[in-house]
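> The structure is given below, and queries will be raised subsequently.
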Amino acid sequence: MADESYPDDLRYHREHDWVRVEGDEAIFGITWFAQDALGEVVFYEPPAVGSTVSADATYGELESVKAVSDIYAPAEGEVIAVNEAVVASPGLVNSDPYGEGWLLRVRLANPDAVGALMDQAAYTAYLAGLGDA
Amino acid sequence: MSTRTDFAQTAQQREAAVTIFERGAPGRRASMLPEIDVPLQAAEALLPARFRRQEIPRLPEVSEPEIVRHYVRLSKRNFDLDSGFYPLGSCTMKHNPKMHERVAAMPGHSRLHPFQRPERAQGALELMWGLQEALSEVAGLPHVSLQPSAGSHGELAGVLLTRAYHEARGDAREIILTPDTAHGTNPATVTMAGYRVVGVGTNPDGGVDLDDLRSKATDRVACLMLTNPNTLGIFDPNITEIAKIVHDVGATLYYDGANLNAIMGISRPGDMGFDIVHFNLHKSFTQPHGGGGPGSGPIAVSDRIAPYLPVPLVTRTDTADGPVFDLTDDAPQSIGRLRGFQGNYGVFVRAYAYICSLGGEGLRRASEIAVLNANYLRARMREKGIGEYLSSPYEGSCMHEFVLSGGPMKRDLGIRTLDLAKRMLDFGVHPPTVYFPQLVEECLLIEPTETETRETLDAFVEIVAEILAEAATSPEIAQNAPYTTPVRRLDEATAARTPVLRQSFDRE
Amino acid sequence: MSEYTSLTPEDLAEMLATIGVASIDELLGAIPDDVRLQVPLNIPAGRPEQEVVAHLRQLAERNTSADDEITFLGGGMYDHYSPALIESIILRSEFLTPYTPYQPEISQGGLQAMFEYQTAISELTGLPISNASLYEGPSAVASAAYMSKLANDRPEFVVSRGLHPHARQTLATVAHGWGGRVVEVDLVNGVTDLTQLADLVGPNTCAVIVQQPNFLGAVEDLSAIAEIAHAAGAVPICSADPLTLGVLEAPGNQGIEICVGEGQTLGNRLDFGGPSFGFLAASAEHMRRMPGRIAGQTADVDGRRGFVLTLQTREQHIRREKATSNICTAQALNALAGVIYLAWLGRQGLPELGELLLQRTAYARTQLAALDGVELLHDQPVVREFAVRLDAPADRVIAACQDRGVNPGLALGHEYPEYENGLLVAITEQRSRSDIDTLVRVLGEVVAEIIGSRTAAGVAG
């Protein structure tokens, strides 16, 4: 399992999803915090390529042995690829949540909207706040 | 690895698991069938080739002694209630009287065909009638159907009855309320029966949050599903008010009978205002659990729900020669059937025998001692050496079961509730229910039942104290437990990632 | 009376002192007075064990069991032989008294038995994924229907009238909850009318459900039925009699995607209808929609082979309102009896038993059809059950035969008004040629007497 980290080149959603913008495309995944809470991931149910995901709505599920977690889209877009490597080896989400464990590649409907999401500092502060609650 | 956890392998651990399909040899067999004693007809004439099986199923090829030895060995890889303490919360692991197996095996019960005509099944129908009467009395509700096969099936029956009740009044409703302490079957049942679940919060005393309930109780609500005492082992003192809130909006009140063992003869769901109750005959009425079934989940209902009960119904007609029993489908508003035939009759026989043995007074006494044993065990678990690590989230006395939180244990000793449970396995007791209800951190739900001796409860306390003392110096022992069981901790992630659900055969 | 408890007065006093209360009543203080039962339960006083046994024996003696008559009664449950070793194994405390295997380290016996059971069911049905069993046959049909609803979310179930009436009724009850509809297809000469089926199946069809052999004992053409279902994107479901699957082609090899059935014939008692078990097996694509418990193979931390409950995220205790089913337990003990039975019967025994049933059933069918006042209701291939039409009221014939020690079978007219005076006759390996000859003689006499009295009355009138 990977060490806890929150890269500073990503934007973060409050449901513990990250987004990496690459031009008008973006890659989605879940954060170290989310994979740690879920435990060993055993199954990834992705959306169909070509479908549309909406910001703040669920687009798929990740399962561990004893939990199911909805995955939330941090931004709106059309699915152009799903990570088949994770479908085949779901443990990649645990071992490399920001690299090989990515979940979805989308063509963003509105790339500027991503700027409204949390940056690394805001997300780590948000996580610290969850701990106090 | 620490030497402290380097236990020697047991004989059972050295013996690798072998399945029945891996035993035997081609051509070996146990069964000998009767001869074909009729004039032979051509195979093709009886069954055309296009319907004929092409490849024979690869069933085991084993002798009778091999089968017996195989399953006796397997049996020794199980822990069971007859071997030791089994305080699994919400499951009511009370003793299963041996007499029940004797009476259930009588040919008049066990070899009775379900399509036998009712005039030749009078004993069976009388038994079912008698069981219905007793369950009706325990529930405080006048009508009973024995048909549902398990608690979850009784729940489905109850929600479908609720649907039928509202539909008959032309009143479409779409929401069913369940408390956040509810067993997972409640919300699952609600969805299967076409309703939407809305959760109701829990107040600091562990009961239903009345303000939250009032805010959610609208004329869109079809039913509130509740168990009382609830899954925290707490009797909700506001039950009359809860019933009033629910009934005022025209909804039904459903009683999940998982915890009925706390209140038999002491308080009745019908008197609390419940409209529908399901029983778990495998819990309160001691059908052996069988490693996960069979069970039985009869339901009792109020007058206004009775027209919708599933068919067939048992009827009784008094004649000059005594009562005559029958089965009828004649109930035009019935929700219909829920399964084949009349229900799990073999379970009815055992439950009926249990009720005959205990009588009304004995049932009450069973519940009282169940409550006493739970409170005694809870009091002892507050003693020094345990109480500071396993905290009681709720004050006041409990009913037949209680929750503890392993939160302090996790923080102070570095072992989780799972580790404590796994270490118990090395001490020859079954752990309590763990991580349920989810609203208690690192939860343990403990139900000792009335059939355990005080010495057993005391011994359990000593075991918990010993494990906690051990963890204070060597937490890794519990973290890596168990050591003495036929297998140790199993890789559940791999089992789920690449499911192997059946034997692989060499020829594949 | 027997209470199975152990509390002595000394225990009580010391336990109350430890708790810090004066009485058990004080522990019940949370229960408000207005919902406290103020009178004793109106249930007769408890009795000693021997009296209870005597009472239960008296009730048993008022039932006519399969030991008390030569029975040809079937219709979903059958008097097959259950070998003694089954009882000796399943009554062992280690199998009889544990709960569901929540702690796999101390439940390997039960979990491995589930794995073996799943393997046997997969072999019988020709489908790769089996669960660890369900309540019983008809509710397993409803469970399969709910799986297909989860697969394609269509509203209509097209169901053959050859499916057991209890299964059809159970499906109708349950499907009403989720808004599903049931449409029935008639039988023609004893089997599902394929032309009518093709007409009824369409884009709204969720699943097509048939039984093999069907309720009238006839062998259905599963391949043709599966083809019709697949053409419309519906799930083909079959309820199969497991004991016939040594001679009948595996449903999974004929295009069926979900195969369910009643497991009573696999070593379980009649028990007036339960408990038995239902089985459910499916093609791989349905794996994550399966209801109930499933055991899987894995390894422990030291690399030893072991078994666990797996794919649990489908289930109610994790997925709650999104679960694939509300079912929490299997019928583990009954399924264990099932897999022991199949090991006893064995690879050679299963097809041998099938051949024996084919031959004896064919003999009985030929002999009965030769009687005056008895004709075949259909002439389709059958394995162990067939239907005839009597030229006399079926209920009266059955009652008269029973008075002479023979139960000739099930009157069909109650569930099938279109087969008035139909009689469904089941043959098991427990019914010898001599038993069949007795049936032929007694049924022949009774039918002749009734026809004779009718003729006499007609002449007299």
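Residues in the structure tokens are numbered from 1 in each chain, the chains being A, B, ... in the order shown, and ligands are numbered from 1 in the order shown.
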Can you check which residues of chain A DSSP gives as strand (DSSP E or B) on the backbone and send them as number ranges by chain?
A: 11-13, 17-22, 25-30, 41-45, 52-53, 58-64, 68-72, 77-82, 104-108, 118
> Only residues of chain B matter here; which ones have an atom within 7 Å of chain A, counting only C-alpha atoms? Give them as JSON, numbers by chain.
{"B": [492, 493, 496, 497]}
> Would you save the residues from that selection as a CSV table (one decimal), in the first residue's frame, using all heavy atoms?

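In the end it all went to part.csv:
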chain,number,residue,atom,x,y,z
B,492,GLU,N,-9.2,-12.6,2.2
B,492,GLU,CA,-10.6,-12.4,1.6
B,492,GLU,C,-10.5,-11.5,0.4
B,492,GLU,O,-11.4,-11.5,-0.5
B,492,GLU,CB,-11.5,-11.7,2.6
B,492,GLU,CG,-11.7,-12.7,3.8
B,492,GLU,CD,-12.8,-12.2,4.8
B,492,GLU,OE1,-13.9,-11.9,4.3
B,492,GLU,OE2,-12.6,-12.2,6.0
B,493,ALA,N,-9.5,-10.6,0.3
B,493,ALA,CA,-9.4,-9.7,-0.9
B,493,ALA,C,-9.1,-10.6,-2.2
B,493,ALA,O,-9.8,-10.3,-3.2
B,493,ALA,CB,-8.3,-8.7,-0.7
B,496,ALA,N,-12.2,-12.3,-3.3
B,496,ALA,CA,-13.2,-11.5,-4.0
B,496,ALA,C,-12.7,-11.0,-5.4
B,496,ALA,O,-13.5,-10.7,-6.3
B,496,ALA,CB,-13.6,-10.3,-3.1
B,497,ARG,N,-11.4,-10.8,-5.5
B,497,ARG,CA,-10.8,-10.3,-6.8
B,497,ARG,C,-10.9,-11.3,-7.9
B,497,ARG,O,-11.2,-11.0,-9.0
B,497,ARG,CB,-9.4,-9.8,-6.6
B,497,ARG,CG,-9.2,-8.5,-6.0
B,497,ARG,CD,-7.8,-8.1,-5.7
B,497,ARG,NE,-7.7,-6.9,-5.0
B,497,ARG,CZ,-6.6,-6.6,-4.2
B,497,ARG,NH1,-5.6,-7.4,-4.1
B,497,ARG,NH2,-6.7,-5.4,-3.5
> How would you write, as a count of residues only, the set of residues in segment 301-433 of chain B that DSSP gives as alpha helix (DSSP H)?
52
> Using only C-alpha atoms, find the one residue out of B:Leu457, B:Ala8, B:Ile477, B:Ala495 that sits nearest to chain C.
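Of all the options, B:Ala495 lies closest to chain C.
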> Using only C-alpha atoms, which chain C residues lie at most 8 Å away from chain A, written as a JSON list (two decimals) with C-alpha atoms, in the first residue's frame?

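Listing of out.json after writing:
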[["chain", "number", "residue", "atom", "x", "y", "z"],
["C", 310, "THR", "CA", -17.12, -14.04, -0.78],
["C", 311, "LEU", "CA", -18.55, -11.37, -3.08],
["C", 312, "GLN", "CA", -20.26, -10.08, 0.04],
["C", 313, "THR", "CA", -20.66, -6.55, -1.30],
["C", 318, "ILE", "CA", -23.11, -4.15, 3.21],
["C", 319, "ARG", "CA", -25.12, -2.77, 0.30]]
> Write out as a PDB file with all heavy atoms, in the first residue's frame which residues come within 10 Å of segment 413-415 of chain B when counting only C-alpha atoms, dropping same-chain ones fewer than 4 positions away.

ATOM      1  N   TYR B 389     -11.045  -0.432  28.625  1.00  0.00           N
ATOM      2  CA  TYR B 389     -10.724  -0.637  27.201  1.00  0.00           C
ATOM      3  C   TYR B 389     -11.972  -0.863  26.346  1.00  0.00           C
ATOM      4  O   TYR B 389     -11.989  -0.564  25.166  1.00  0.00           O
ATOM      5  CB  TYR B 389      -9.788  -1.839  27.040  1.00  0.00           C
ATOM      6  CG  TYR B 389      -8.508  -1.692  27.820  1.00  0.00           C
ATOM      7  CD1 TYR B 389      -8.178  -2.569  28.852  1.00  0.00           C
ATOM      8  CD2 TYR B 389      -7.632  -0.640  27.528  1.00  0.00           C
ATOM      9  CE1 TYR B 389      -7.007  -2.421  29.568  1.00  0.00           C
ATOM     10  CE2 TYR B 389      -6.453  -0.482  28.249  1.00  0.00           C
ATOM     11  CZ  TYR B 389      -6.142  -1.379  29.266  1.00  0.00           C
ATOM     12  OH  TYR B 389      -4.998  -1.215  29.971  1.00  0.00           O
ATOM     13  N   GLY B 406     -14.967  -0.868  21.281  1.00  0.00           N
ATOM     14  CA  GLY B 406     -13.540  -1.146  21.390  1.00  0.00           C
ATOM     15  C   GLY B 406     -12.687   0.075  21.065  1.00  0.00           C
ATOM     16  O   GLY B 406     -11.476  -0.054  20.889  1.00  0.00           O
ATOM     17  N   GLY B 407     -13.291   1.259  21.015  1.00  0.00           N
ATOM     18  CA  GLY B 407     -12.548   2.481  20.700  1.00  0.00           C
ATOM     19  C   GLY B 407     -11.370   2.713  21.651  1.00  0.00           C
ATOM     20  O   GLY B 407     -10.231   2.897  21.199  1.00  0.00           O
ATOM     21  N   PRO B 408     -11.590   2.700  22.985  1.00  0.00           N
ATOM     22  CA  PRO B 408     -10.468   2.894  23.909  1.00  0.00           C
ATOM     23  C   PRO B 408      -9.389   1.818  23.749  1.00  0.00           C
ATOM     24  O   PRO B 408      -8.191   2.110  23.825  1.00  0.00           O
ATOM     25  CB  PRO B 408     -11.123   2.789  25.297  1.00  0.00           C
ATOM     26  CG  PRO B 408     -12.567   3.071  25.076  1.00  0.00           C
ATOM     27  CD  PRO B 408     -12.875   2.608  23.681  1.00  0.00           C
ATOM     28  N   MET B 409      -9.804   0.598  23.501  1.00  0.00           N
ATOM     29  CA  MET B 409      -8.854  -0.500  23.305  1.00  0.00           C
ATOM     30  C   MET B 409      -7.967  -0.224  22.095  1.00  0.00           C
ATOM     31  O   MET B 409      -6.745  -0.429  22.138  1.00  0.00           O
ATOM     32  CB  MET B 409      -9.654  -1.800  23.103  1.00  0.00           C
ATOM     33  CG  MET B 409      -8.834  -3.018  22.762  1.00  0.00           C
ATOM     34  SD  MET B 409      -9.898  -4.488  22.596  1.00  0.00           S
ATOM     35  CE  MET B 409     -10.707  -4.139  21.023  1.00  0.00           C
ATOM     36  N   ASP B 419      -9.234  -7.833  16.096  1.00  0.00           N
ATOM     37  CA  ASP B 419      -8.124  -8.588  16.688  1.00  0.00           C
ATOM     38  C   ASP B 419      -8.573  -9.302  17.967  1.00  0.00           C
ATOM     39  O   ASP B 419      -8.209 -10.456  18.208  1.00  0.00           O
ATOM     40  CB  ASP B 419      -6.956  -7.654  17.004  1.00  0.00           C
ATOM     41  CG  ASP B 419      -6.474  -6.900  15.772  1.00  0.00           C
ATOM     42  OD1 ASP B 419      -6.439  -7.512  14.692  1.00  0.00           O
ATOM     43  OD2 ASP B 419      -6.166  -5.696  15.889  1.00  0.00           O
ATOM     44  N   LEU B 420      -9.348  -8.592  18.774  1.00  0.00           N
ATOM     45  CA  LEU B 420      -9.877  -9.207  20.001  1.00  0.00           C
ATOM     46  C   LEU B 420     -10.713 -10.431  19.643  1.00  0.00           C
ATOM     47  O   LEU B 420     -10.576 -11.510  20.244  1.00  0.00           O
ATOM     48  CB  LEU B 420     -10.725  -8.174  20.764  1.00  0.00           C
ATOM     49  CG  LEU B 420     -11.507  -8.667  21.974  1.00  0.00           C
ATOM     50  CD1 LEU B 420     -10.570  -9.167  23.069  1.00  0.00           C
ATOM     51  CD2 LEU B 420     -12.416  -7.548  22.522  1.00  0.00           C
ATOM     52  N   LEU B 468      -6.815  -8.843  26.948  1.00  0.00           N
ATOM     53  CA  LEU B 468      -6.493  -7.422  27.058  1.00  0.00           C
ATOM     54  C   LEU B 468      -5.175  -7.227  27.815  1.00  0.00           C
ATOM     55  O   LEU B 468      -4.353  -6.380  27.433  1.00  0.00           O
ATOM     56  CB  LEU B 468      -7.640  -6.669  27.755  1.00  0.00           C
ATOM     57  CG  LEU B 468      -8.950  -6.612  26.942  1.00  0.00           C
ATOM     58  CD1 LEU B 468     -10.074  -6.011  27.783  1.00  0.00           C
ATOM     59  CD2 LEU B 468      -8.758  -5.816  25.657  1.00  0.00           C
ATOM     60  N   ALA B 469      -4.949  -8.035  28.856  1.00  0.00           N
ATOM     61  CA  ALA B 469      -3.691  -7.927  29.607  1.00  0.00           C
ATOM     62  C   ALA B 469      -2.514  -8.303  28.714  1.00  0.00           C
ATOM     63  O   ALA B 469      -1.464  -7.660  28.717  1.00  0.00           O
ATOM     64  CB  ALA B 469      -3.742  -8.840  30.846  1.00  0.00           C
ATOM     65  N   GLU B 470      -2.703  -9.333  27.928  1.00  0.00           N
ATOM     66  CA  GLU B 470      -1.675  -9.778  26.992  1.00  0.00           C
ATOM     67  C   GLU B 470      -1.372  -8.675  25.969  1.00  0.00           C
ATOM     68  O   GLU B 470      -0.212  -8.414  25.636  1.00  0.00           O
ATOM     69  CB  GLU B 470      -2.207 -11.037  26.293  1.00  0.00           C
ATOM     70  CG  GLU B 470      -1.378 -11.618  25.197  1.00  0.00           C
ATOM     71  CD  GLU B 470      -2.164 -12.752  24.507  1.00  0.00           C
ATOM     72  OE1 GLU B 470      -2.970 -12.475  23.589  1.00  0.00           O
ATOM     73  OE2 GLU B 470      -1.983 -13.920  24.910  1.00  0.00           O
ATOM     74  N   ALA B 471      -2.436  -8.003  25.507  1.00  0.00           N
ATOM     75  CA  ALA B 471      -2.275  -6.957  24.487  1.00  0.00           C
ATOM     76  C   ALA B 471      -1.538  -5.745  25.050  1.00  0.00           C
ATOM     77  O   ALA B 471      -0.886  -5.017  24.300  1.00  0.00           O
ATOM     78  CB  ALA B 471      -3.637  -6.549  23.934  1.00  0.00           C
ATOM     79  N   ALA B 472      -1.648  -5.539  26.358  1.00  0.00           N
ATOM     80  CA  ALA B 472      -0.982  -4.384  26.965  1.00  0.00           C
ATOM     81  C   ALA B 472       0.538  -4.489  26.804  1.00  0.00           C
ATOM     82  O   ALA B 472       1.229  -3.480  26.663  1.00  0.00           O
ATOM     83  CB  ALA B 472      -1.347  -4.286  28.445  1.00  0.00           C
ATOM     84  N   THR B 473       1.063  -5.709  26.800  1.00  0.00           N
ATOM     85  CA  THR B 473       2.506  -5.875  26.625  1.00  0.00           C
ATOM     86  C   THR B 473       2.863  -6.337  25.209  1.00  0.00           C
ATOM     87  O   THR B 473       3.909  -5.973  24.694  1.00  0.00           O
ATOM     88  CB  THR B 473       3.057  -6.896  27.649  1.00  0.00           C
ATOM     89  OG1 THR B 473       2.323  -8.118  27.506  1.00  0.00           O
ATOM     90  CG2 THR B 473       2.912  -6.371  29.060  1.00  0.00           C
ATOM     91  N   SER B 474       1.994  -7.143  24.595  1.00  0.00           N
ATOM     92  CA  SER B 474       2.325  -7.723  23.283  1.00  0.00           C
ATOM     93  C   SER B 474       1.120  -7.655  22.340  1.00  0.00           C
ATOM     94  O   SER B 474       0.494  -8.675  22.051  1.00  0.00           O
ATOM     95  CB  SER B 474       2.739  -9.186  23.442  1.00  0.00           C
ATOM     96  OG  SER B 474       3.733  -9.326  24.419  1.00  0.00           O
ATOM     97  N   PRO B 475       0.808  -6.474  21.846  1.00  0.00           N
ATOM     98  CA  PRO B 475      -0.383  -6.356  20.987  1.00  0.00           C
ATOM     99  C   PRO B 475      -0.290  -7.211  19.727  1.00  0.00           C
ATOM    100  O   PRO B 475      -1.304  -7.583  19.158  1.00  0.00           O
ATOM    101  CB  PRO B 475      -0.436  -4.860  20.641  1.00  0.00           C
ATOM    102  CG  PRO B 475       0.938  -4.337  20.927  1.00  0.00           C
ATOM    103  CD  PRO B 475       1.484  -5.179  22.022  1.00  0.00           C
ATOM    104  N   GLU B 476       0.936  -7.538  19.308  1.00  0.00           N
ATOM    105  CA  GLU B 476       1.077  -8.299  18.063  1.00  0.00           C
ATOM    106  C   GLU B 476       0.463  -9.688  18.170  1.00  0.00           C
ATOM    107  O   GLU B 476       0.099 -10.290  17.153  1.00  0.00           O
ATOM    108  CB  GLU B 476       2.558  -8.395  17.642  1.00  0.00           C
ATOM    109  CG  GLU B 476       3.434  -9.296  18.497  1.00  0.00           C
ATOM    110  CD  GLU B 476       3.906  -8.646  19.802  1.00  0.00           C
ATOM    111  OE1 GLU B 476       3.467  -7.496  20.093  1.00  0.00           O
ATOM    112  OE2 GLU B 476       4.680  -9.275  20.530  1.00  0.00           O
ATOM    113  N   ILE B 477       0.324 -10.183  19.397  1.00  0.00           N
ATOM    114  CA  ILE B 477      -0.282 -11.515  19.542  1.00  0.00           C
ATOM    115  C   ILE B 477      -1.728 -11.477  19.032  1.00  0.00           C
ATOM    116  O   ILE B 477      -2.121 -12.296  18.194  1.00  0.00           O
ATOM    117  CB  ILE B 477      -0.230 -12.005  21.003  1.00  0.00           C
ATOM    118  CG1 ILE B 477       1.238 -12.184  21.424  1.00  0.00           C
ATOM    119  CG2 ILE B 477      -0.986 -13.329  21.153  1.00  0.00           C
ATOM    120  CD1 ILE B 477       1.420 -12.704  22.834  1.00  0.00           C
ATOM    121  N   ALA B 478      -2.494 -10.514  19.509  1.00  0.00           N
ATOM    122  CA  ALA B 478      -3.880 -10.416  19.038  1.00  0.00           C
ATOM    123  C   ALA B 478      -3.934 -10.003  17.568  1.00  0.00           C
ATOM    124  O   ALA B 478      -4.777 -10.484  16.804  1.00  0.00           O
ATOM    125  CB  ALA B 478      -4.664  -9.425  19.893  1.00  0.00           C
ATOM    126  N   GLN B 479      -3.004  -9.124  17.188  1.00  0.00           N
ATOM    127  CA  GLN B 479      -3.032  -8.626  15.804  1.00  0.00           C
ATOM    128  C   GLN B 479      -2.809  -9.732  14.779  1.00  0.00           C
ATOM    129  O   GLN B 479      -3.235  -9.612  13.637  1.00  0.00           O
ATOM    130  CB  GLN B 479      -1.968  -7.534  15.617  1.00  0.00           C
ATOM    131  CG  GLN B 479      -2.366  -6.216  16.263  1.00  0.00           C
ATOM    132  CD  GLN B 479      -1.173  -5.299  16.504  1.00  0.00           C
ATOM    133  OE1 GLN B 479      -0.024  -5.683  16.274  1.00  0.00           O
ATOM    134  NE2 GLN B 479      -1.456  -4.093  16.967  1.00  0.00           N
TER     135      GLN B 479
END
> Taking 5 positions as the minimum chain separation for residues in the same chain, which residues sit within 10 Å of Asp70 of chain A when counting only C-alpha atoms? Answer as a ChimeraX atom specification.
/A:15,45,57-63
> Quick check, in Å to one decimal: how far apart do atom CA of His143 of chain B and atom CA of Ser302 of chain B lie?
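Interatomic distance, atom CA of His143 of chain B to atom CA of Ser302 of chain B: 6.5 Å.
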> So which residues touch segment 401-411 of chain C within 8 Å, counting only C-alpha atoms, skipping near sequence neighbours fewer than 3 positions away, as a ChimeraX atom specification?
/B:115 /C:68-75,394-395,397-398,414,421-426,438-439,442-443,446
